[in-house]
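Visitor: Compact mmCIF, C-alpha atoms, file entry-v5.txt:
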```txt
# COMPACT_ATOMS: atom_id res chain seq x y z
CA MET A 1 46.98 69.95 48.30
CA ALA A 2 43.63 71.62 47.61
CA GLN A 3 40.72 69.38 46.71
CA ASN A 4 37.82 70.28 44.38
CA GLU A 5 39.21 73.75 43.78
CA ARG A 6 40.18 75.11 40.39
CA PHE A 7 43.15 77.46 40.04
CA LEU A 8 43.98 79.72 37.11
CA ILE A 9 47.69 80.57 36.99
CA PHE A 10 47.81 83.88 35.14
CA ILE A 11 51.17 84.89 33.66
CA PRO A 12 51.24 88.47 32.35
CA CYS A 13 54.05 89.11 29.87
CA TYR A 14 55.67 91.98 28.07
CA ARG A 15 59.07 91.59 26.44
CA CYS A 16 59.80 88.37 28.35
CA GLU A 17 61.38 86.40 25.51
CA LYS A 18 64.41 85.46 27.64
CA GLN A 19 62.48 84.63 30.82
CA ILE A 20 59.10 83.12 29.89
CA SER A 21 60.50 79.64 29.31
CA ARG A 22 62.00 79.62 32.82
CA THR A 23 58.76 80.90 34.30
CA LEU A 24 56.71 78.17 32.66
CA THR A 25 59.23 75.46 33.46
CA GLN A 26 59.05 76.23 37.19
CA LEU A 27 55.33 75.38 37.05
CA SER A 28 56.11 71.77 36.29
CA GLY A 29 56.59 71.50 40.07
CA VAL A 30 52.96 72.40 40.78
CA GLU A 31 51.47 69.08 41.83
CA GLY A 32 48.11 68.27 43.35
CA LEU A 33 46.37 71.37 42.03
CA ASP A 34 43.56 71.34 39.51
CA CYS A 35 44.97 74.22 37.51
CA GLU A 36 45.21 75.79 34.09
CA ILE A 37 47.87 78.23 32.95
CA LEU A 38 47.00 81.38 31.02
CA VAL A 39 49.98 83.17 29.46
CA LEU A 40 48.73 86.61 28.45
CA ASP A 41 51.05 88.69 26.31
CA ASN A 42 50.57 92.46 26.08
CA ARG A 43 51.59 92.93 22.44
CA SER A 44 55.30 92.23 22.98
CA PRO A 45 57.52 93.30 20.06
CA ASP A 46 59.90 90.37 20.68
CA GLY A 47 59.48 86.59 20.57
CA THR A 48 57.69 86.19 23.92
CA VAL A 49 54.64 84.48 22.41
CA GLU A 50 56.67 82.12 20.24
CA VAL A 51 58.89 81.00 23.14
CA ALA A 52 55.84 80.58 25.38
CA ILE A 53 54.22 78.31 22.80
CA GLN A 54 57.37 76.23 22.38
CA THR A 55 57.65 75.74 26.14
CA ALA A 56 53.95 75.12 26.74
CA ASP A 57 54.03 72.31 24.21
CA LYS A 58 56.31 70.39 26.59
CA LEU A 59 54.20 70.81 29.74
CA ALA A 60 51.77 68.20 31.04
CA MET A 61 49.25 70.69 32.50
CA PRO A 62 46.76 72.68 30.40
CA VAL A 63 48.24 75.88 28.98
CA LYS A 64 46.67 78.62 26.89
CA VAL A 65 48.76 81.37 25.30
CA ALA A 66 46.82 84.53 24.45
CA ARG A 67 47.61 88.01 23.17
CA ASN A 68 45.78 91.19 24.15
CA ASP A 69 43.85 92.68 21.25
CA GLU A 70 45.37 96.04 22.19
CA ASN A 71 48.21 97.14 24.45
CA TYR A 72 46.30 97.48 27.72
CA GLY A 73 49.23 97.76 30.14
CA LEU A 74 49.85 95.48 33.10
CA GLY A 75 46.61 96.54 34.78
CA GLY A 76 44.57 95.88 31.66
CA SER A 77 46.09 92.41 31.41
CA HIS A 78 45.00 91.75 35.01
CA LYS A 79 41.45 92.80 34.13
CA ALA A 80 41.34 90.47 31.14
CA ALA A 81 42.56 87.60 33.35
CA PHE A 82 40.10 88.45 36.15
CA ASP A 83 37.27 88.28 33.60
CA PHE A 84 38.58 84.98 32.26
CA ALA A 85 38.73 83.46 35.76
CA ILE A 86 35.21 84.63 36.57
CA GLU A 87 33.66 83.51 33.29
CA HIS A 88 35.30 80.07 33.42
CA ASP A 89 34.34 79.37 37.03
CA PHE A 90 37.80 79.18 38.58
CA ASP A 91 37.92 79.36 42.36
CA TYR A 92 41.30 81.09 42.68
CA LEU A 93 43.56 83.13 40.45
CA ILE A 94 47.32 83.04 40.93
CA VAL A 95 49.36 85.88 39.41
CA LEU A 96 52.95 85.02 38.47
CA HIS A 97 54.79 87.58 36.37
CA GLY A 98 56.39 86.20 33.22
CA ASP A 99 59.81 87.75 33.82
CA ASP A 100 60.90 84.99 36.24
CA GLN A 101 61.57 87.27 39.17
CA GLY A 102 59.25 85.40 41.55
CA ASN A 103 58.95 81.70 42.36
CA VAL A 104 55.59 79.96 42.67
CA ALA A 105 57.18 77.57 45.18
CA ASP A 106 56.91 80.34 47.80
CA LEU A 107 53.11 80.23 47.54
CA LEU A 108 52.52 76.47 47.39
CA PRO A 109 53.02 75.72 51.12
CA LEU A 110 50.27 78.21 51.99
CA ILE A 111 47.89 76.53 49.56
CA ALA A 112 48.84 73.10 50.91
CA ALA A 113 47.99 74.33 54.42
CA GLY A 114 44.65 75.75 53.25
CA LYS A 115 45.58 79.34 54.09
CA HIS A 116 44.11 80.57 50.80
CA ARG A 117 40.61 79.70 52.00
CA ASP A 118 40.80 82.05 55.00
CA VAL A 119 41.47 85.29 53.11
CA ASP A 120 40.43 87.26 50.06
CA CYS A 121 44.01 87.37 48.78
CA LEU A 122 47.51 86.18 49.53
CA LEU A 123 50.08 88.81 48.58
CA GLY A 124 53.76 88.10 47.99
CA ALA A 125 56.01 90.52 49.89
CA ARG A 126 59.62 91.29 49.03
CA PHE A 127 60.22 93.42 52.12
CA MET A 128 59.03 91.42 55.11
CA LYS A 129 60.95 89.12 57.40
CA GLY A 130 61.91 85.92 55.60
CA SER A 131 61.98 87.43 52.12
CA ARG A 132 65.06 86.95 49.94
CA LEU A 133 66.20 89.62 47.47
CA GLN A 134 68.83 89.02 44.82
CA GLY A 135 70.15 91.82 42.60
CA TYR A 136 67.73 94.38 44.05
CA SER A 137 69.41 97.71 44.81
CA ALA A 138 69.53 99.18 48.32
CA PHE A 139 68.10 102.44 46.95
CA ARG A 140 65.02 100.75 45.51
CA THR A 141 64.60 98.66 48.66
CA PHE A 142 64.64 101.81 50.80
CA GLY A 143 62.17 103.58 48.50
CA ASN A 144 59.77 100.66 48.59
CA ARG A 145 59.90 100.48 52.38
CA VAL A 146 59.07 104.20 52.61
CA PHE A 147 56.08 103.82 50.30
CA ASN A 148 54.94 100.72 52.18
CA ARG A 149 54.83 102.77 55.38
CA LEU A 150 52.97 105.65 53.74
CA PHE A 151 50.37 103.37 52.17
CA SER A 152 49.99 101.49 55.46
CA ALA A 153 49.23 104.73 57.29
CA VAL A 154 46.56 105.70 54.77
CA ALA A 155 45.08 102.19 54.48
CA GLY A 156 44.94 101.73 58.24
CA GLN A 157 46.73 98.39 58.21
CA ARG A 158 50.26 97.08 57.74
CA LEU A 159 51.15 96.60 54.07
CA TYR A 160 54.44 94.81 53.40
CA ASP A 161 54.51 95.22 49.61
CA LEU A 162 52.46 97.31 47.19
CA GLY A 163 52.75 94.93 44.29
CA ALA A 164 55.10 92.02 43.81
CA GLY A 165 54.67 89.60 40.93
CA LEU A 166 53.28 86.69 42.95
CA ASN A 167 49.75 86.94 44.36
CA LEU A 168 46.61 84.84 44.82
CA TYR A 169 43.03 86.16 44.65
CA LYS A 170 39.79 84.46 45.61
CA VAL A 171 37.62 84.70 42.49
CA ASN A 172 34.40 85.13 44.48
CA SER A 173 35.93 88.26 46.01
CA LEU A 174 36.81 89.60 42.56
CA LYS A 175 33.22 89.01 41.43
CA LYS A 176 31.89 91.31 44.16
CA SER A 177 34.40 94.13 43.73
CA GLN A 178 34.71 97.13 41.41
CA TRP A 179 38.23 96.97 39.98
CA ARG A 180 37.43 97.48 36.32
CA TYR A 181 38.22 101.21 36.17
CA PHE A 182 41.48 101.22 38.11
CA GLY A 183 44.62 102.39 36.32
CA ASN A 184 45.84 100.15 33.52
CA ASP A 185 49.55 100.74 33.94
CA LEU A 186 52.03 99.55 36.55
CA THR A 187 50.03 101.37 39.27
CA PHE A 188 47.18 98.85 39.04
CA ASN A 189 48.39 96.95 42.10
CA TYR A 190 48.44 100.20 44.11
CA TYR A 191 44.79 100.77 43.27
CA MET A 192 44.00 97.17 44.18
CA ILE A 193 45.70 97.23 47.56
CA LEU A 194 44.15 100.55 48.62
CA ALA A 195 40.72 99.43 47.43
CA SER A 196 41.12 96.04 49.13
CA ALA A 197 41.63 97.82 52.45
CA ALA A 198 38.61 100.06 51.78
CA TRP A 199 36.47 97.06 50.83
CA GLY A 200 37.37 95.33 54.08
CA TRP A 201 39.12 92.45 52.37
CA SER A 202 41.16 90.04 54.45
CA LEU A 203 44.78 90.35 53.27
CA ARG A 204 47.66 88.08 54.16
CA PHE A 205 51.23 88.81 53.12
CA PHE A 206 53.89 86.13 52.80
CA PRO A 207 57.66 86.40 52.22
CA ILE A 208 58.97 85.57 48.78
CA SER A 209 62.26 85.16 46.96
CA TRP A 210 62.87 87.79 44.29
CA ARG A 211 65.70 88.15 41.85
CA GLU A 212 66.80 90.52 39.13
CA ASP A 213 69.36 89.53 36.53
CA ASP A 214 68.33 89.65 32.85
CA GLN A 215 64.90 91.23 33.33
CA LEU A 216 63.93 94.46 31.57
CA SER A 217 62.42 97.10 33.85
CA ASN A 218 59.57 99.25 32.55
CA VAL A 219 59.63 101.49 35.63
CA LYS A 220 60.83 105.11 35.42
CA LEU A 221 61.61 105.55 39.12
CA PHE A 222 61.06 109.26 39.75
CA ARG A 223 58.09 109.56 37.42
CA GLN A 224 56.57 106.48 39.07
CA ALA A 225 57.20 107.91 42.54
CA LYS A 226 55.43 111.17 41.65
CA ARG A 227 52.46 109.27 40.23
CA THR A 228 52.30 107.03 43.29
CA ILE A 229 52.25 109.97 45.74
CA SER A 230 49.52 111.67 43.71
CA LEU A 231 47.43 108.51 43.72
CA LEU A 232 47.87 108.01 47.46
CA LEU A 233 46.89 111.59 48.30
CA GLU A 234 43.77 111.39 46.14
CA PHE A 235 42.70 108.23 47.96
CA ALA A 236 43.50 109.70 51.39
CA PHE A 237 41.44 112.86 50.92
CA ALA A 238 38.61 111.62 48.69
CA LYS A 239 38.28 107.87 49.18
CA LYS A 240 34.68 107.54 48.02
CA SER A 241 35.13 109.49 44.79
CA PHE A 242 38.51 107.83 44.21
CA LEU A 243 36.93 104.38 44.23
CA ALA A 244 34.07 105.49 41.97
CA LYS A 245 36.24 107.33 39.42
CA ASN A 246 37.35 105.89 36.08
CA HIS A 247 41.17 105.94 36.29
CA SER A 248 41.73 103.66 33.30
CA GLY A 249 41.67 106.19 30.48
CA ARG A 250 39.19 103.97 28.63
CA GLU A 251 35.44 104.42 28.38
CA SER A 252 34.89 100.73 27.84
CA GLY A 253 35.44 98.28 30.66
CA LYS A 254 36.14 95.45 28.25
CA TYR A 255 39.62 94.00 27.75
CA THR A 256 39.57 91.37 25.05
CA SER A 257 42.33 88.97 24.11
CA THR A 258 42.76 86.25 21.53
CA ILE A 259 43.90 82.73 22.31
CA VAL A 260 46.66 81.88 19.84
CA TYR A 261 47.63 78.46 21.24
CA SER A 262 46.38 75.72 23.54
CA ASN A 263 48.25 72.50 24.32
CA ARG A 264 44.87 70.80 24.70
CA ALA A 265 43.31 70.29 21.29
CA ASP A 266 39.81 70.00 22.78
CA GLN A 267 40.12 73.12 24.94
CA GLY A 268 41.26 75.88 22.62
CA SER A 269 41.10 77.04 19.06
CA GLN A 270 42.76 79.66 16.90
CA ASP A 271 41.29 83.16 17.04
CA ALA A 272 38.99 82.31 19.95
CA SER A 273 38.17 85.60 21.65
CA MET A 274 37.92 85.76 25.42
CA LEU A 275 36.10 88.72 26.89
```
Would you encode the structure as structure tokens?
Guide:
Amino acid sequence: MAQNERFLIFIPCYRCEKQISRTLTQLSGVEGLDCEILVLDNRSPDGTVEVAIQTADKLAMPVKVARNDENYGLGGSHKAAFDFAIEHDFDYLIVLHGDDQGNVADLLPLIAAGKHRDVDCLLGARFMKGSRLQGYSAFRTFGNRVFNRLFSAVAGQRLYDLGAGLNLYKVNSLKKSQWRYFGNDLTFNYYMILASAAWGWSLRFFPISWREDDQLSNVKLFRQAKRTISLLLEFAFAKKSFLAKNHSGRESGKYTSTIVYSNRADQGSQDASML
């Protein structure tokens, strides 16, 4: 496994009370990595935070559970985690969604082989050869493949997935890039992948296993499709202004969260704000 490299495993959560324990438990298989887990809850109205704390207390690796100070959306949670990784000198950030749809085991062989060092990001792909889908409808699969082709044409390179819940980013690349004013909702990954192509990032996709059983979807399919097409057209016809524009709906670029639990007494405290 990787030597002298620090990994932050970022787990964004919203209404994941039933799944977060499974997500955290799968990380007990991460061996040989110098890593810390950050569970970041986006103001869930259920017991996501409480279950995360109960599960984290049983894990051997360092875990922090934090709650956004406001509901920032999935994109806003990413921004808070990006800032955390930069400010705490992590080398890589792994994104693993808290709803237990993805499996970190799909990423570990690439890290073991050192593939993460050769690119700016490793992106999990549900729709490339070798991927395994369980409980994912044929209609949604078809729709995603169509959008993948459209985005690929505009980006000028083959894109196998616009945003699965398992990715790895090189923190040095995040430091040099302007992602702070991208959309804060579920479209954040679309902004990231289009911008990554425009920035000249090196992207590598890898097949993943993906399942849907007791997860709660926050996606309104036709509304999301309309928003996605609009976003893609704006990028295609006005790339420079698109990348410079504030799409977030917030004047401030700050996304603060509060650490509510750490399973390392010397590494966290109550009400410790992270910027």
Visitor: Mind checking which residues fall within 8 Å of A:Ala85, counting only C-alpha atoms, ignoring those fewer than 6 positions away in the same chain, and posting them as a list in words?
Guide: Leu8, Asp91, Tyr92, Leu93 and Val171 of chain A
Visitor: Mind giving me the straight-line distance from atom CA of A:Gln224 to atom CA of A:Asp185 in Å, one decimal?
Guide: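 According to the coordinates, atom CA of A:Gln224 and atom CA of A:Asp185 are separated by 10.4 Å.
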Visitor: Using only C-alpha atoms, which protein or nucleic acid residues come within 10 Å of A:Phe147? Drop anything in the same chain fewer than 2 positions from it, and give the result as a list in words.
Guide: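 Skipping anything fewer than 2 positions along the chain leaves Phe142, Gly143, Asn144, Arg145, Arg149, Leu150, Phe151, Ser152, Ala153, Leu159, Tyr160, Asp161, Leu162, Ala225, Thr228, Ile229 and Leu232 of chain A.
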Visitor: Quick one: residues within 10 Å of A:Asp213, all atoms listed in the file, excluding same-chain residues fewer than 3 positions away - as JSON, numbers by chain?
Guide: {"A": [100, 101, 134, 135, 136, 216]}
Visitor: Show which residues sit within 9 Å of A:Arg180, as a PDB file with C-alpha atoms, in the coordinates of the input. Count all atoms listed in the file, and ignore same-chain residues fewer than 5 positions away.
Guide:
```pdb
ATOM      1  CA  GLY A  76      44.570  95.880  31.660  1.00  0.00           C
ATOM      2  CA  LYS A  79      41.450  92.800  34.130  1.00  0.00           C
ATOM      3  CA  ASN A 246      37.350 105.890  36.080  1.00  0.00           C
ATOM      4  CA  SER A 248      41.730 103.660  33.300  1.00  0.00           C
ATOM      5  CA  GLY A 253      35.440  98.280  30.660  1.00  0.00           C
ATOM      6  CA  LYS A 254      36.140  95.450  28.250  1.00  0.00           C
TER       7      LYS A 254
END
```
Visitor: I want to know what sits within 12 Å of stretch 49-59 of chain A, based on all atoms listed in the file, with residues of the same chain fewer than 5 positions away left out; could you give that as a VMD selection string?
Guide: chain A and resid 11 to 30 36 to 44 64 to 68 98 to 99 259 to 265
Visitor: Enclose the full set of atoms of stretch 165-170 of chain A listed in the file within a box whose edges lie along x, y and z, apply 3 Å of padding to each of the six sides, and report centre and edge lengths in Å to one decimal as JSON.
Guide:
```
{"center_x": 47.2, "center_y": 87.0, "center_z": 43.3, "size_x": 20.9, "size_y": 11.1, "size_z": 10.7}
```
Visitor: Looking at A:Val119, A:Ala81, A:Ala164, A:Met61, which one is nearest to A:Ser209, with distances taken over all atoms listed in the file?
Guide: A:Ala164
Visitor: Nearest to A:Leu186: which of A:Tyr255, A:Phe206, A:Trp201, A:Tyr72 is it, counting only C-alpha atoms?
Guide: A:Tyr72
Visitor: What's the separation between atom CA of A:Ser252 and atom CA of A:Gly73, in Å to one decimal place?
Guide: 14.8 Å
Visitor: When you draw a straight line from atom CA of A:Trp210 to atom CA of A:Ala125, how long is it in Å?
Guide: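 These two atoms are separated by 9.3 Å.
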Visitor: (59.9, 91.4, 51.3) in this file's frame - what residues fall within 8 Å of it? Use only C-alpha atoms and give the answer as a ChimeraX atom specification.
Guide: /A:124-133,160-161,207-209
